[in-house]
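Quick notes on the structure that follows.
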Amino acid sequence: MQDPFGRSISYLRVSVTDRCDFRCVYCMSEDMSFLPKTEVLSLEELDRLCGTFIRMGVRKLRLTGGEPLVRRGIMTLIDSLGRHLQTGALDELTLTTNGSQLEKYAVDLFAAGVRRINVSLDTLQADKFAAITRWGKLDKVMAGLKAARAAGLQVKINAVALRGVNDDEFDEMIAWCGREGFDLVLIEVMPMGEMGDATRLDQYLPLSMARAQIQRRWTLDESDYRTGGPARYYTVRETGGRLGFITPLTHNFCESCNRVRLTCTGTLYMCLGQNDAADLRSPLRASDGDADLEAAIREAISRKPKGHDFVIDRRQAPTAVPRHMSVTGG
Ligand code: SAM
Ligand code: SF4
């Protein structure tokens with residue numbers, strides 16, 4: 001699958017649920033209303049959709065959400081998708097999780113063929129963790145991380161850089177990840193959902209500033225390590241660990257974008273930062289054959305835009321997309 005700008009689409013991110021057991025302040029409001037069940041694709045429908053994308057050339061699949069591991073029966077889907085790893089049709093099956101359910105699922109995930117996972121964790125302090133996630137418990141996530149490591153899963157920690165919240169902890173997180181053998185990726189907060197622009201401006205920390213601060217304590221060697229994602233990686237000389245930066249706002253990485261995103265209702269977003277989308281649920285439900293579905297996917301890819309233009313700037317009104325990150329899963 002090639003888009004009009006010659007980019008080959010080989011990476012599909014699938015949000016398997018819009019629900020979550022946390023209410024992170026930058027992601028959800030406390031009183032979220034979630035989708036009715038009838039709108040959400042069944043696990044069988046998700047499996048069929050993913051299978052179609054794989055047939056059409058997707059080599060890497062990431063499950064996300066909401067929180068993917070709170071979807072009931074999720075291991076049925078993950079086990080089923082694992083088949084494509086065995087046949088060689090898929091290179092990687094992975095997920096992004098808040099870690100709260102990892103203690104329960106780590107062994108099963110490894111057995112299904114998952115080898116690497118991203119775990120979102122913005123702080124190592126229990127009270128701060130509770131404040132950021134509203135409903136989360138840090139010790140549960142820590143137990144999940146331990147289980148993941150014991151099961152043989154490689155872990156990458158994703159931390160959203162929040163000014164005045166966790167920017168005093170980067171040094172400690174780098175040291176901790178170094179000790180635990182986890183990669184660490186810092187992410188700029190993105191203007192998703194309607195959460196009050198004042199809050200967003202207050203939270204926004206350009207990663208160029210974060211990096212300068214980190215370099216006062218650590219030596220960052222440029223690295224050509226890539227995961228097929230938008231992160232730029234460095235090796236922390238003192239720990240040997242990898243440190244990545246995802247900077248959608250200060251560095252535009254759209255030219256190498258190889259991905260599309262599917263929501264749990266079967267809506268395909270061709271760009272995280274644009275509103276254009278394609279409905280795949282109708283062709284999926286309209287017939288048992290996949291011909292219409294494939295045509296709809298092809299048509300959608302032909303509309304993939306060149307890029308996005310998020311802006312958080314005090315002089316301008318923020319350019320945002322109105323949907324929450326829990327819809328497209330980041
Ligand atoms: N619940 C899972 C988790 O937290 O990892 C998966 C879904 S979550 C929406 C995916 C990622 O998006 C997380 O790493 C989260 O920190 C990030 N995220 C959510 N809202 C964001 C925002 N406004 N800006 C930047 N990253 C955001
Ligand atoms: Fe849930 Fe992940 Fe959003 Fe936090 S970032 S509320 S864990 S979906």
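Ligands are numbered from 1 in the order shown, chains are lettered A, B, ... in the order of the structure tokens, and residues start at 1 in each chain.
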### Query
Can I get the residues close to ligand 2 as a VMD selection string, where close means within 8 Å and we count only C-alpha atoms and all ligand atoms?
chain A and resid 18 to 28 65 to 67 97 to 98 120 133 325 to 326 329
Could those residues be written to a file, using all heavy atoms, as a compact mmCIF listing (two decimals), in the first residue's frame?
```
# COMPACT_ATOMS: atom_id res chain seq x y z
N ASP A 18 -12.26 2.29 23.72
CA ASP A 18 -12.07 3.69 24.13
C ASP A 18 -12.06 3.79 25.66
O ASP A 18 -11.86 4.86 26.21
CB ASP A 18 -13.16 4.59 23.54
CG ASP A 18 -14.56 4.22 23.99
OD1 ASP A 18 -14.80 3.02 24.29
OD2 ASP A 18 -15.42 5.11 24.03
N ARG A 19 -12.28 2.66 26.32
CA ARG A 19 -12.36 2.69 27.79
C ARG A 19 -11.00 2.56 28.44
O ARG A 19 -10.05 2.05 27.84
CB ARG A 19 -13.25 1.54 28.28
CG ARG A 19 -14.69 1.81 27.91
CD ARG A 19 -15.56 0.58 28.02
NE ARG A 19 -16.75 0.83 27.23
CZ ARG A 19 -17.96 1.11 27.74
NH1 ARG A 19 -18.16 1.09 29.04
NH2 ARG A 19 -18.97 1.38 26.95
N CYS A 20 -10.92 2.98 29.69
CA CYS A 20 -9.65 2.92 30.39
C CYS A 20 -9.90 2.89 31.89
O CYS A 20 -10.91 3.42 32.36
CB CYS A 20 -8.80 4.12 30.02
SG CYS A 20 -7.14 4.02 30.70
N ASP A 21 -8.97 2.28 32.60
CA ASP A 21 -9.08 2.26 34.07
C ASP A 21 -8.34 3.44 34.70
O ASP A 21 -8.30 3.58 35.91
CB ASP A 21 -8.57 0.92 34.63
CG ASP A 21 -7.19 0.54 34.12
OD1 ASP A 21 -6.72 1.15 33.14
OD2 ASP A 21 -6.58 -0.35 34.71
N PHE A 22 -7.72 4.30 33.88
CA PHE A 22 -7.10 5.54 34.36
C PHE A 22 -7.86 6.72 33.74
O PHE A 22 -8.63 6.54 32.80
CB PHE A 22 -5.64 5.66 33.92
CG PHE A 22 -4.67 4.69 34.56
CD1 PHE A 22 -5.08 3.68 35.43
CD2 PHE A 22 -3.31 4.80 34.30
CE1 PHE A 22 -4.18 2.81 36.00
CE2 PHE A 22 -2.39 3.92 34.87
CZ PHE A 22 -2.83 2.93 35.72
N ARG A 23 -7.58 7.90 34.25
CA ARG A 23 -8.13 9.14 33.68
C ARG A 23 -7.02 10.18 33.62
O ARG A 23 -7.11 11.23 34.26
CB ARG A 23 -9.28 9.67 34.56
CG ARG A 23 -10.55 8.85 34.55
CD ARG A 23 -11.29 8.94 33.22
NE ARG A 23 -12.51 8.14 33.21
CZ ARG A 23 -12.55 6.82 33.00
NH1 ARG A 23 -11.44 6.15 32.78
NH2 ARG A 23 -13.70 6.18 33.01
N CYS A 24 -5.95 9.87 32.86
CA CYS A 24 -4.80 10.79 32.82
C CYS A 24 -5.26 12.19 32.42
O CYS A 24 -6.06 12.34 31.49
CB CYS A 24 -3.76 10.28 31.85
SG CYS A 24 -3.19 8.63 32.28
N VAL A 25 -4.72 13.17 33.11
CA VAL A 25 -5.23 14.55 32.96
C VAL A 25 -5.08 15.09 31.54
O VAL A 25 -5.91 15.88 31.09
CB VAL A 25 -4.54 15.52 33.96
CG1 VAL A 25 -4.98 15.23 35.37
CG2 VAL A 25 -3.02 15.45 33.84
N TYR A 26 -4.01 14.66 30.83
CA TYR A 26 -3.79 15.20 29.48
C TYR A 26 -4.54 14.39 28.43
O TYR A 26 -4.50 14.70 27.25
CB TYR A 26 -2.29 15.20 29.15
CG TYR A 26 -1.59 13.91 29.50
CD1 TYR A 26 -1.80 12.76 28.76
CD2 TYR A 26 -0.75 13.84 30.60
CE1 TYR A 26 -1.19 11.58 29.09
CE2 TYR A 26 -0.13 12.66 30.94
CZ TYR A 26 -0.36 11.53 30.18
OH TYR A 26 0.25 10.34 30.52
N CYS A 27 -5.19 13.33 28.84
CA CYS A 27 -5.82 12.42 27.88
C CYS A 27 -7.33 12.38 28.00
O CYS A 27 -8.03 12.36 26.99
CB CYS A 27 -5.25 11.02 28.07
SG CYS A 27 -5.95 9.77 26.99
N MET A 28 -7.84 12.34 29.21
CA MET A 28 -9.29 12.20 29.39
C MET A 28 -9.78 13.19 30.44
O MET A 28 -9.02 13.59 31.32
CB MET A 28 -9.63 10.80 29.90
CG MET A 28 -9.41 9.70 28.91
SD MET A 28 -10.16 8.18 29.50
CE MET A 28 -9.67 7.04 28.22
N GLY A 65 -5.38 2.00 22.90
CA GLY A 65 -6.74 2.29 23.34
C GLY A 65 -6.88 3.78 23.61
O GLY A 65 -6.10 4.57 23.07
N GLY A 66 -7.69 4.06 24.53
CA GLY A 66 -8.06 3.47 25.77
C GLY A 66 -6.98 2.52 26.29
O GLY A 66 -5.85 2.55 25.84
N GLU A 67 -7.35 1.71 27.21
CA GLU A 67 -6.38 0.74 27.71
C GLU A 67 -6.69 -0.62 27.07
O GLU A 67 -7.72 -1.23 27.38
CB GLU A 67 -6.45 0.68 29.25
CG GLU A 67 -5.61 -0.42 29.88
CD GLU A 67 -4.19 -0.50 29.32
OE1 GLU A 67 -3.56 0.54 29.08
OE2 GLU A 67 -3.71 -1.62 29.10
N THR A 97 0.43 0.20 26.60
CA THR A 97 -0.43 -0.05 27.74
C THR A 97 -0.05 0.84 28.91
O THR A 97 1.09 1.31 28.99
CB THR A 97 -0.34 -1.54 28.16
OG1 THR A 97 -1.04 -1.74 29.39
CG2 THR A 97 1.10 -2.00 28.32
N ASN A 98 -1.00 1.04 29.80
CA ASN A 98 -0.66 1.79 31.01
C ASN A 98 -0.06 0.87 32.08
O ASN A 98 0.32 1.33 33.15
CB ASN A 98 -1.88 2.55 31.55
CG ASN A 98 -3.00 1.63 32.03
OD1 ASN A 98 -2.78 0.48 32.39
ND2 ASN A 98 -4.22 2.15 32.05
N SER A 120 3.26 3.27 29.42
CA SER A 120 3.23 4.71 29.67
C SER A 120 3.38 4.97 31.16
O SER A 120 2.60 4.45 31.96
CB SER A 120 1.91 5.29 29.17
OG SER A 120 1.75 4.96 27.82
N THR A 133 -2.72 10.39 36.82
CA THR A 133 -3.63 9.38 36.24
C THR A 133 -5.01 9.40 36.88
O THR A 133 -5.90 8.70 36.46
CB THR A 133 -3.05 7.96 36.43
OG1 THR A 133 -2.97 7.68 37.84
CG2 THR A 133 -1.66 7.82 35.82
N MET A 325 -7.05 11.63 22.72
CA MET A 325 -6.04 10.66 22.34
C MET A 325 -6.55 9.24 22.56
O MET A 325 -6.14 8.31 21.88
CB MET A 325 -4.78 10.88 23.18
CG MET A 325 -3.57 10.19 22.66
SD MET A 325 -3.06 10.92 21.12
CE MET A 325 -1.52 11.61 21.62
N SER A 326 -7.48 9.07 23.51
CA SER A 326 -7.98 7.72 23.79
C SER A 326 -8.83 7.18 22.63
O SER A 326 -9.16 6.01 22.59
CB SER A 326 -8.78 7.70 25.08
OG SER A 326 -9.77 8.69 25.03
N GLY A 329 -5.64 6.44 20.16
CA GLY A 329 -4.63 5.64 20.83
C GLY A 329 -3.20 6.14 20.71
O GLY A 329 -2.27 5.43 21.05
```
### Task
Would you return as a list in words the members of segment 104-155 of chain A that DSSP assigns to strand (DSSP E or B) on this structure's backbone?
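Answer for segment 104-155 of chain A restricted to strand (DSSP E or B) is Arg116, Ile117, Asn118, Val119, Ser120, Gln154 and Val155 of chain A.
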## Note on the structure
atom CA of Phe245 of chain A sits from atom CA of Val107 of chain A at a separation of 29.2 Å
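Coordinates place atom 5 (O, counted along the ligand's line) of ligand 1 at a distance of 10.4 Å from atom CA of Asp122 of chain A.
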Within 10 Å of segment 42-56 of chain A, counting only C-alpha atoms, which residues show up once you throw out same-chain ones fewer than 2 positions away? Write them as a compact mmCIF listing (two decimals) with N, CA and C atoms, in the first residue's frame, please.
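This went into selection-v9.txt:
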```
# COMPACT_ATOMS: atom_id res chain seq x y z
N MET A 1 0.84 -1.20 0.00
CA MET A 1 0.00 0.00 0.00
C MET A 1 0.87 1.25 0.00
N ILE A 9 2.68 2.19 3.42
CA ILE A 9 1.95 2.07 4.69
C ILE A 9 2.08 0.63 5.21
N SER A 10 2.89 0.48 6.23
CA SER A 10 3.18 -0.87 6.71
C SER A 10 2.90 -1.02 8.19
N TYR A 11 2.36 0.02 8.81
CA TYR A 11 2.19 0.03 10.27
C TYR A 11 0.78 0.47 10.60
N LEU A 12 0.06 -0.43 11.28
CA LEU A 12 -1.31 -0.12 11.68
C LEU A 12 -1.41 -0.09 13.20
N ARG A 13 -1.96 0.99 13.70
CA ARG A 13 -2.23 1.08 15.14
C ARG A 13 -3.73 0.93 15.33
N VAL A 14 -4.09 0.06 16.22
CA VAL A 14 -5.51 -0.26 16.40
C VAL A 14 -5.93 0.03 17.83
N SER A 15 -6.88 0.92 17.98
CA SER A 15 -7.44 1.16 19.30
C SER A 15 -8.56 0.13 19.50
N VAL A 16 -8.38 -0.75 20.48
CA VAL A 16 -9.33 -1.84 20.64
C VAL A 16 -10.47 -1.50 21.59
N LYS A 37 -21.84 -0.18 23.22
CA LYS A 37 -21.23 -1.43 22.72
C LYS A 37 -21.48 -1.69 21.24
N THR A 38 -22.71 -1.34 20.77
CA THR A 38 -23.06 -1.66 19.38
C THR A 38 -22.17 -0.93 18.38
N GLU A 39 -21.64 0.20 18.81
CA GLU A 39 -20.78 0.97 17.89
C GLU A 39 -19.37 0.39 17.81
N VAL A 40 -19.00 -0.33 18.85
CA VAL A 40 -17.63 -0.83 18.94
C VAL A 40 -17.52 -2.16 18.19
N VAL A 58 0.41 -4.59 5.64
CA VAL A 58 0.83 -4.13 6.97
C VAL A 58 1.74 -5.18 7.61
N ARG A 59 2.91 -4.75 8.12
CA ARG A 59 3.89 -5.68 8.70
C ARG A 59 4.01 -5.51 10.20
N LYS A 60 3.47 -4.41 10.70
CA LYS A 60 3.59 -4.16 12.14
C LYS A 60 2.25 -3.68 12.67
N LEU A 61 1.86 -4.29 13.78
CA LEU A 61 0.55 -3.99 14.35
C LEU A 61 0.73 -3.61 15.80
N ARG A 71 -10.01 -4.44 27.77
CA ARG A 71 -11.08 -4.97 26.90
C ARG A 71 -11.29 -6.44 27.23
N ARG A 72 -12.53 -6.80 27.51
CA ARG A 72 -12.81 -8.19 27.91
C ARG A 72 -12.49 -9.14 26.77
N GLY A 73 -11.78 -10.20 27.07
CA GLY A 73 -11.46 -11.22 26.07
C GLY A 73 -10.31 -10.84 25.16
N ILE A 74 -9.57 -9.79 25.52
CA ILE A 74 -8.54 -9.26 24.62
C ILE A 74 -7.52 -10.32 24.19
N MET A 75 -7.24 -11.28 25.07
CA MET A 75 -6.22 -12.29 24.70
C MET A 75 -6.69 -13.14 23.52
N THR A 76 -8.00 -13.29 23.33
CA THR A 76 -8.50 -14.04 22.17
C THR A 76 -8.02 -13.35 20.90
N LEU A 77 -8.16 -12.02 20.87
CA LEU A 77 -7.72 -11.27 19.70
C LEU A 77 -6.21 -11.35 19.54
N ILE A 78 -5.49 -11.16 20.64
CA ILE A 78 -4.02 -11.15 20.55
C ILE A 78 -3.50 -12.52 20.12
N SER A 80 -5.09 -14.66 18.33
CA SER A 80 -5.45 -14.85 16.93
C SER A 80 -4.50 -14.06 16.02
N LEU A 81 -4.17 -12.84 16.41
CA LEU A 81 -3.26 -12.03 15.59
C LEU A 81 -1.85 -12.63 15.59
N HIS A 84 -0.39 -14.58 12.59
CA HIS A 84 0.26 -13.93 11.45
C HIS A 84 1.77 -13.78 11.67
N ALA A 89 3.64 -13.38 7.92
CA ALA A 89 2.95 -12.27 7.26
C ALA A 89 3.13 -10.97 8.05
N LEU A 90 3.38 -11.12 9.34
CA LEU A 90 3.53 -9.96 10.22
C LEU A 90 4.90 -10.02 10.89
N LEU A 262 -6.58 2.99 13.37
CA LEU A 262 -7.94 2.50 13.33
C LEU A 262 -8.56 2.63 14.72
N THR A 263 -9.75 3.19 14.80
CA THR A 263 -10.40 3.29 16.11
C THR A 263 -11.23 2.02 16.35
N CYS A 264 -11.71 1.89 17.57
CA CYS A 264 -12.47 0.68 17.91
C CYS A 264 -13.86 0.66 17.27
N THR A 265 -14.24 1.75 16.59
CA THR A 265 -15.50 1.73 15.86
C THR A 265 -15.25 1.47 14.37
N GLY A 266 -14.01 1.24 14.01
CA GLY A 266 -13.72 0.94 12.61
C GLY A 266 -13.52 2.18 11.76
N LEU A 280 -14.70 2.22 7.96
CA LEU A 280 -14.48 0.84 7.47
C LEU A 280 -15.50 -0.12 8.07
N ARG A 281 -16.25 0.36 9.06
CA ARG A 281 -17.21 -0.54 9.71
C ARG A 281 -18.36 -0.89 8.74
N LEU A 284 -17.26 -3.43 6.29
CA LEU A 284 -16.96 -4.65 7.05
C LEU A 284 -18.24 -5.41 7.38
N ARG A 285 -19.26 -4.64 7.81
CA ARG A 285 -20.50 -5.28 8.23
C ARG A 285 -21.43 -5.58 7.05
N ASP A 288 -19.78 -10.53 3.92
CA ASP A 288 -18.80 -11.45 4.51
C ASP A 288 -17.51 -11.48 3.71
N ASP A 290 -14.33 -9.68 1.61
CA ASP A 290 -13.51 -8.53 1.99
C ASP A 290 -13.26 -7.56 0.83
N ALA A 291 -13.91 -7.78 -0.32
CA ALA A 291 -13.61 -6.95 -1.49
C ALA A 291 -13.94 -5.48 -1.25
N LEU A 293 -14.30 -3.96 1.57
CA LEU A 293 -13.43 -3.47 2.64
C LEU A 293 -12.06 -3.08 2.08
N GLU A 294 -11.52 -3.94 1.27
CA GLU A 294 -10.21 -3.65 0.66
C GLU A 294 -10.27 -2.39 -0.20
N ILE A 297 -10.30 0.59 2.06
CA ILE A 297 -8.96 0.85 2.63
C ILE A 297 -8.07 1.53 1.59
N ARG A 298 -8.11 1.00 0.37
CA ARG A 298 -7.29 1.59 -0.68
C ARG A 298 -7.66 3.05 -0.93
```
### Query
From the list A:Ile214, A:Ala143, A:Leu124, A:Ile117, which residue is nearest ligand 1 when using only C-alpha atoms and all ligand atoms?
A:Ile117
